[in-house]
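Only one structure is covered here, and it is reproduced in the block below.
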Amino acid sequence: MTTESERNLIIKKAHYNLFKINAQDVLIDLLTDSGTGALSSEQWAAIMRGDESYAGSQSFQRFESVVQDIFGFKHVIPTHQGRAAERILFSVMCKKGSVVPNNTHFDTTRANVEYTGSKALDIVIDEGRDPNSLYPFKGNMDIEKLKETIKKYGVKNIPLCMITITNNSGGGQPVSMENVKNVKSVLSEFDIPLYFDAARFAENAYFIKERERGYENRSIKEIVQEMMSYGDGCTMSAKKDGLANIGGFLCTNDDLTAQHQKDLLILTEGFPTYGGLAGRDLEAVAVGLQEVLDESYLHYRVSETRYLGEHLTDIGIPILLPPGGHAVYIDAKTLLPQIPLLQYPGQSLAIEIYRVGGIRTVEIGSVMFGEVNSETGIETPSDMELVRLTLPRRTHTQSHIDYVIEVMRDIYQSKDELEGYKITKQTAFLRHFSAEFTPI
Ligand SMILES: Cc1ncc(COP(=O)(O)O)c(C=O)c1O
């Protein structure tokens, strides 16, 4: 517990960047659902069985067989988290001038693509950019734009295409099976491999079961297996639907690519049967990947998010509709029209939510995705100015969520008084983690 006046000092000392606040100064932490959930008793039990052999541990064998059973890919390469899998994937497959289409790149994915000198292209459908559209699969890729992209940049410059399930940066919105099949059929014509960013694969499958005709009676696992069958590989942050605190993996069906990936893995992560993880971490992920397929768990997960979203809507707070799987995204551009986009309305709102209620959220707008031209210094704002209230898995009760709703009701009353911020210090990549701000 902290008082509002204590929080005023804390946030000022952190240069108005919520990533720089200590966790003990946060009452409810909705910064991310990444690695922040609670482990189950079965996971803790499995952790006790961790085999810490350097090579060929039993923990790796269990991990590999669970991943192969669910995802169906030939090579399973453990990494310490999702971005390590991304770095290896793009380092091996991309070169300067390559283009990687995605529905919407997550921030680390975009940064890892760009770090190789390649272009990260977001081609989500138009509905996915409209905060008010109730389209059931707003994470879908625009098939026409995919075709245009291939025509414009040329097949030889597109080493792979990604699909992010669910589409985190586009509001945690799902991708339909039909869309995946259509993407695959376009790519097959040109022999372009399809990789999934599978961080929230089970939540995506739950939405398919709920919303897509023909899947009502299929199990979550069957839906995942079908979706993955259209892919050539995937990256995975096991900190999300792996229900673990750390871990990730990279999968591929291609032997030569896998060899290059493993070579790079040894250089930076570790031997291919542990990839920067302890044996006990591999055990936690192996159990988590099976638990996440439980439909009643997914029902609870999606209902909790929906509950928060519906209450915010009742207050009058504009959110990205419909609520996604892991988070509710407030449309700060609409809520705070008095703040110019390059004075970061999302950042202003996130700061206010912390100041008033001790709740930590995250801006997903121009601070995270604004593009600064390195030659002119001119900044282009992001398409959307969102604040994400992300729910850690298996962590909160309804009374925690009710408290968040009460705080948001208070903020709604005084929203017209909120003002913008300017950035006083920033880095070239992933600036939101360390940027410093000052109120205008
Ligand atoms: C869609 C998506 N891809 C990739 C990542 C990166 O994973 P990690 O944080 O494990 O590096 C995240 C993390 O939030 C994500 O949401």
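If you're wondering about the labels, chains in the structure tokens are A, B, ... by order shown, residues count from 1 in each chain, ligands from 1 in order shown.
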Surrounding residues as a list in words, ligand 1, max 6 Å, only C-alpha atoms and all ligand atoms:
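For ligand 1, the residues inside 6 Å are Ser34, Gln81, Gly82, Arg83, Phe106, Thr108, Thr164, Asn168, Asp197, Ala199, Ser237 and Lys239 of chain A.
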Give me the segment 26-143 of chain A side of the contact with segment 206-226 of chain A, cut-off 8 Å, one line per residue showing its nearest atom pair and distance in Å at one decimal, counting only C-alpha atoms, sorted by chain and residue number, as JSON lines.
```
{"residue": "A:Ile70", "atom": "CA", "partner": "A:Gln225", "partner_atom": "CA", "distance": 6.0}
{"residue": "A:Phe71", "atom": "CA", "partner": "A:Gln225", "partner_atom": "CA", "distance": 5.8}
{"residue": "A:Gly72", "atom": "CA", "partner": "A:Gln225", "partner_atom": "CA", "distance": 6.9}
{"residue": "A:Pro136", "atom": "CA", "partner": "A:Arg211", "partner_atom": "CA", "distance": 6.8}
```
Keeping all heavy atoms for every residue in the selection just given, could you write it to a file as a short mmCIF file (atom, residue, chain, number, x, y, z; two decimals), in the first residue's frame?
```
data_model
loop_
_atom_site.label_atom_id
_atom_site.label_comp_id
_atom_site.auth_asym_id
_atom_site.auth_seq_id
_atom_site.Cartn_x
_atom_site.Cartn_y
_atom_site.Cartn_z
N ILE A 70 1.94 -31.34 -29.07
CA ILE A 70 0.95 -30.25 -29.25
C ILE A 70 1.18 -29.50 -30.55
O ILE A 70 0.24 -29.21 -31.29
CB ILE A 70 1.00 -29.27 -28.05
CG1 ILE A 70 0.66 -30.00 -26.75
CG2 ILE A 70 0.06 -28.07 -28.27
CD1 ILE A 70 0.88 -29.19 -25.49
N PHE A 71 2.43 -29.17 -30.84
CA PHE A 71 2.72 -28.28 -31.97
C PHE A 71 3.06 -29.05 -33.26
O PHE A 71 2.91 -28.50 -34.35
CB PHE A 71 3.88 -27.33 -31.62
CG PHE A 71 3.50 -26.31 -30.57
CD1 PHE A 71 3.48 -26.62 -29.22
CD2 PHE A 71 3.14 -25.03 -30.94
CE1 PHE A 71 3.11 -25.69 -28.26
CE2 PHE A 71 2.78 -24.08 -30.00
CZ PHE A 71 2.76 -24.41 -28.66
N GLY A 72 3.58 -30.25 -33.10
CA GLY A 72 3.80 -31.11 -34.27
C GLY A 72 5.03 -30.79 -35.11
O GLY A 72 5.18 -31.35 -36.19
N PRO A 136 -15.16 -10.69 -35.28
CA PRO A 136 -14.70 -11.70 -34.31
C PRO A 136 -13.22 -12.08 -34.42
O PRO A 136 -12.64 -12.59 -33.46
CB PRO A 136 -15.59 -12.91 -34.60
CG PRO A 136 -16.14 -12.70 -35.97
CD PRO A 136 -16.18 -11.22 -36.20
#
```
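Closest approach to Ala238 of chain A among A:Met368, A:Leu146, A:Leu336, A:Ala284: A:Ala284, based on only C-alpha atoms.
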Would you list the contacts of Ile411 of chain A as a list in words, taking every protein, DNA or RNA residue within 8 Å and counting only C-alpha atoms, but skipping same-chain residues closer than 2 positions in sequence?
Glu352, Ile353, Val356, Val407, Met408, Arg409, Gln413, Ser414 and Lys415 of chain A
Based on DSSP run over this structure's backbone, return all residues of segment 357-430 of chain A in helix (DSSP H, G or I), as a list in words.
Gly357, Ser366, Val367, Met368, Phe369, Gln398, Ser399, His400, Ile401, Asp402, Tyr403, Val404, Ile405, Glu406, Val407, Met408, Arg409, Asp410, Ile411, Tyr412, Gln413, Lys415, Asp416 and Glu417 of chain A
Selection to disk with N, CA, C and O atoms, as a compact mmCIF listing (two decimals), in the first residue's frame:
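Resulting contents of again_14.txt:
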```txt
# COMPACT_ATOMS: atom_id res chain seq x y z
N GLY A 357 -4.37 4.94 -8.30
CA GLY A 357 -4.71 3.65 -7.70
C GLY A 357 -3.55 2.73 -7.39
O GLY A 357 -3.76 1.63 -6.88
N SER A 366 2.31 5.62 -29.11
CA SER A 366 3.44 6.27 -29.79
C SER A 366 4.75 6.19 -29.00
O SER A 366 5.82 6.31 -29.59
N VAL A 367 4.67 5.97 -27.68
CA VAL A 367 5.93 5.77 -26.96
C VAL A 367 6.55 4.46 -27.41
O VAL A 367 7.74 4.38 -27.74
N MET A 368 5.71 3.42 -27.51
CA MET A 368 6.23 2.10 -27.88
C MET A 368 6.50 1.99 -29.38
O MET A 368 7.49 1.42 -29.81
N PHE A 369 5.59 2.55 -30.19
CA PHE A 369 5.68 2.30 -31.63
C PHE A 369 5.85 3.54 -32.50
O PHE A 369 5.85 3.42 -33.73
N GLN A 398 -11.84 -11.76 -8.16
CA GLN A 398 -12.72 -10.73 -8.71
C GLN A 398 -12.59 -9.42 -7.94
O GLN A 398 -12.77 -8.34 -8.49
N SER A 399 -12.25 -9.50 -6.63
CA SER A 399 -12.17 -8.23 -5.88
C SER A 399 -10.98 -7.38 -6.33
O SER A 399 -11.02 -6.16 -6.27
N HIS A 400 -9.90 -8.03 -6.80
CA HIS A 400 -8.81 -7.24 -7.38
C HIS A 400 -9.32 -6.47 -8.60
O HIS A 400 -9.03 -5.30 -8.79
N ILE A 401 -10.08 -7.19 -9.42
CA ILE A 401 -10.56 -6.59 -10.66
C ILE A 401 -11.57 -5.47 -10.33
O ILE A 401 -11.57 -4.41 -10.97
N ASP A 402 -12.39 -5.70 -9.29
CA ASP A 402 -13.36 -4.67 -8.90
C ASP A 402 -12.65 -3.40 -8.43
O ASP A 402 -13.11 -2.29 -8.67
N TYR A 403 -11.52 -3.57 -7.74
CA TYR A 403 -10.75 -2.40 -7.31
C TYR A 403 -10.25 -1.61 -8.54
O TYR A 403 -10.34 -0.38 -8.58
N VAL A 404 -9.77 -2.33 -9.54
CA VAL A 404 -9.29 -1.67 -10.77
C VAL A 404 -10.45 -0.86 -11.38
O VAL A 404 -10.26 0.29 -11.80
N ILE A 405 -11.63 -1.46 -11.40
CA ILE A 405 -12.79 -0.79 -12.00
C ILE A 405 -13.12 0.49 -11.22
O ILE A 405 -13.39 1.55 -11.81
N GLU A 406 -13.04 0.42 -9.87
CA GLU A 406 -13.31 1.62 -9.04
C GLU A 406 -12.32 2.74 -9.35
O GLU A 406 -12.70 3.90 -9.47
N VAL A 407 -11.06 2.37 -9.47
CA VAL A 407 -10.03 3.39 -9.77
C VAL A 407 -10.31 4.03 -11.13
O VAL A 407 -10.24 5.26 -11.29
N MET A 408 -10.69 3.21 -12.09
CA MET A 408 -10.95 3.74 -13.43
C MET A 408 -12.17 4.65 -13.43
O MET A 408 -12.22 5.63 -14.18
N ARG A 409 -13.12 4.35 -12.54
CA ARG A 409 -14.31 5.22 -12.45
C ARG A 409 -13.88 6.61 -11.95
O ARG A 409 -14.31 7.63 -12.48
N ASP A 410 -12.99 6.64 -10.94
CA ASP A 410 -12.50 7.93 -10.42
C ASP A 410 -11.77 8.71 -11.51
O ASP A 410 -11.94 9.91 -11.66
N ILE A 411 -10.92 8.00 -12.25
CA ILE A 411 -10.13 8.69 -13.29
C ILE A 411 -11.04 9.25 -14.37
O ILE A 411 -10.81 10.35 -14.89
N TYR A 412 -12.09 8.52 -14.69
CA TYR A 412 -13.01 8.97 -15.73
C TYR A 412 -13.61 10.34 -15.36
O TYR A 412 -13.80 11.20 -16.23
N GLN A 413 -13.87 10.55 -14.05
CA GLN A 413 -14.46 11.82 -13.61
C GLN A 413 -13.54 13.01 -13.90
O GLN A 413 -14.00 14.11 -14.17
N LYS A 415 -10.91 13.07 -16.19
CA LYS A 415 -10.10 12.83 -17.40
C LYS A 415 -9.76 14.10 -18.17
O LYS A 415 -8.70 14.20 -18.77
N ASP A 416 -10.65 15.10 -18.11
CA ASP A 416 -10.41 16.31 -18.91
C ASP A 416 -9.23 17.14 -18.39
O ASP A 416 -8.73 18.02 -19.09
N GLU A 417 -8.83 16.86 -17.16
CA GLU A 417 -7.71 17.64 -16.59
C GLU A 417 -6.34 17.05 -16.94
O GLU A 417 -5.30 17.67 -16.67
```
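Between Met384 of chain A and the candidates A:Gln290, A:Gly35, A:Arg129, A:Met236, the tightest atom-to-atom separation, counting only C-alpha atoms, involves A:Arg129.
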Excluding Gln58 of chain A and its own-chain neighbours fewer than 3 positions away, which residues fall within 12 Å of it when counting only C-alpha atoms? Please give them as a VMD selection string.
chain A and resid 46 49 to 55 61 to 65 273 to 274 278 to 280 282 to 283 286
Set the distance at 12 Å and use only C-alpha atoms: which residues neighbour Gln347 of chain A once local chain neighbours fewer than 2 positions away are removed? I'd like the list as a PyMOL selection string.
chain A and resi 15-19+330-333+336+339-345+349-354+360-368+385-388+418-423+432+435-439
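Of the residues listed (A:Thr166, A:Asn373, A:Gln261, A:Thr2), A:Thr166 shows the shortest atom-to-atom separation from Ala202 of chain A; distances use only C-alpha atoms.
The space between atom CA of Cys161 of chain A and atom CA of Leu187 of chain A spans 8.0 Å.
Shortest atom-to-atom contact with Gly288 of chain A among A:His260, A:Lys151, A:Lys74, A:Arg393: A:Arg393, counting only C-alpha atoms.
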What are the nearest atom pairs, with distances in Å to one decimal, for all residues of segment 88-193 of chain A that come at most 12 Å from segment 298-302 of chain A, using only C-alpha atoms, set out by chain and rising residue number as a tab-separated table?
```
residue	atom	partner	partner_atom	distance
A:Gly172	CA	A:Val302	CA	10.9
A:Gln173	CA	A:Val302	CA	11.7
A:Pro174	CA	A:Val302	CA	11.9
```
Let me see the file: selected residues, C-alpha atoms, as an mmCIF file, in the first residue's frame.
```
data_model
loop_
_atom_site.group_PDB
_atom_site.id
_atom_site.type_symbol
_atom_site.label_atom_id
_atom_site.label_comp_id
_atom_site.auth_asym_id
_atom_site.auth_seq_id
_atom_site.Cartn_x
_atom_site.Cartn_y
_atom_site.Cartn_z
ATOM 1 C CA GLY A 172 -4.973 -9.522 -28.077
ATOM 2 C CA GLN A 173 -7.342 -10.266 -30.944
ATOM 3 C CA PRO A 174 -7.585 -13.776 -32.383
#
```
Could you give me, as a PDB file with C-alpha atoms, in the first residue's frame, each residue of segment 243-393 of chain A that DSSP assigns to strand (DSSP E) when run on this structure's backbone?
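Printed below is result-v2.pdb as written:
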```pdb
ATOM      1  CA  GLY A 248      10.512 -20.241 -24.640  1.00  0.00           C
ATOM      2  CA  PHE A 249      11.284 -22.233 -27.734  1.00  0.00           C
ATOM      3  CA  LEU A 250      11.823 -22.144 -31.447  1.00  0.00           C
ATOM      4  CA  CYS A 251      10.450 -24.863 -33.727  1.00  0.00           C
ATOM      5  CA  THR A 252      11.049 -25.663 -37.340  1.00  0.00           C
ATOM      6  CA  ALA A 327      -5.785  -7.842 -21.603  1.00  0.00           C
ATOM      7  CA  VAL A 328      -8.142  -4.917 -21.918  1.00  0.00           C
ATOM      8  CA  TYR A 329      -6.835  -2.054 -24.034  1.00  0.00           C
ATOM      9  CA  ILE A 330      -8.103   1.448 -23.314  1.00  0.00           C
ATOM     10  CA  ASP A 331      -8.305   3.751 -26.317  1.00  0.00           C
ATOM     11  CA  ILE A 359      -2.013   0.082 -10.500  1.00  0.00           C
ATOM     12  CA  ARG A 360       0.729  -0.446 -13.059  1.00  0.00           C
ATOM     13  CA  VAL A 362       1.581  -0.164 -19.951  1.00  0.00           C
ATOM     14  CA  GLU A 363       1.319   2.279 -22.832  1.00  0.00           C
ATOM     15  CA  ILE A 364       1.035   0.677 -26.261  1.00  0.00           C
ATOM     16  CA  GLU A 371       8.777   6.118 -35.450  1.00  0.00           C
ATOM     17  CA  VAL A 372      11.551   8.670 -35.193  1.00  0.00           C
ATOM     18  CA  GLU A 379       8.419  11.549 -35.167  1.00  0.00           C
ATOM     19  CA  THR A 380       5.373   9.812 -36.661  1.00  0.00           C
ATOM     20  CA  LEU A 386      -3.623   2.318 -26.150  1.00  0.00           C
ATOM     21  CA  VAL A 387      -3.120   1.566 -22.474  1.00  0.00           C
ATOM     22  CA  ARG A 388      -3.015  -2.143 -21.779  1.00  0.00           C
ATOM     23  CA  LEU A 389      -4.386  -3.595 -18.541  1.00  0.00           C
ATOM     24  CA  THR A 390      -2.836  -7.046 -18.714  1.00  0.00           C
TER      25      THR A 390
END
```
Shell around Arg394 of chain A at 10 Å using only C-alpha atoms, local window under 3 positions removed, as number ranges by chain
A: 36-40, 243, 297, 300-301, 391, 397
Which polymer residues have any atom within 6 Å of an atom of Tyr195 of chain A, counting only C-alpha atoms, with same-chain residues fewer than 2 positions away left out, as a tab-separated table (two decimals) with all heavy atoms, in the first residue's frame?
```
chain	number	residue	atom	x	y	z
A	162	MET	N	5.20	-14.22	-40.77
A	162	MET	CA	4.81	-14.58	-39.39
A	162	MET	C	3.32	-14.32	-39.20
A	162	MET	O	2.75	-13.42	-39.82
A	162	MET	CB	5.52	-13.67	-38.37
A	162	MET	CG	7.02	-13.72	-38.32
A	162	MET	SD	7.71	-15.09	-37.40
A	162	MET	CE	7.21	-14.81	-35.72
A	231	GLY	N	1.77	-24.47	-40.50
A	231	GLY	CA	3.00	-23.70	-40.32
A	231	GLY	C	4.25	-24.52	-40.61
A	231	GLY	O	4.21	-25.76	-40.68
A	232	ASP	N	5.37	-23.81	-40.76
A	232	ASP	CA	6.66	-24.47	-40.94
A	232	ASP	C	7.49	-24.39	-39.68
A	232	ASP	O	8.59	-24.93	-39.61
A	232	ASP	CB	7.41	-23.79	-42.10
A	232	ASP	CG	6.63	-23.93	-43.40
A	232	ASP	OD1	6.71	-24.99	-44.03
A	232	ASP	OD2	5.88	-22.98	-43.75
A	233	GLY	N	6.98	-23.65	-38.70
A	233	GLY	CA	7.71	-23.50	-37.45
A	233	GLY	C	7.03	-22.46	-36.58
A	233	GLY	O	5.99	-21.91	-36.95
A	234	CYS	N	7.63	-22.21	-35.42
A	234	CYS	CA	7.05	-21.17	-34.56
A	234	CYS	C	8.11	-20.64	-33.59
A	234	CYS	O	9.13	-21.29	-33.36
A	234	CYS	CB	5.85	-21.71	-33.76
A	234	CYS	SG	6.29	-22.85	-32.44
```
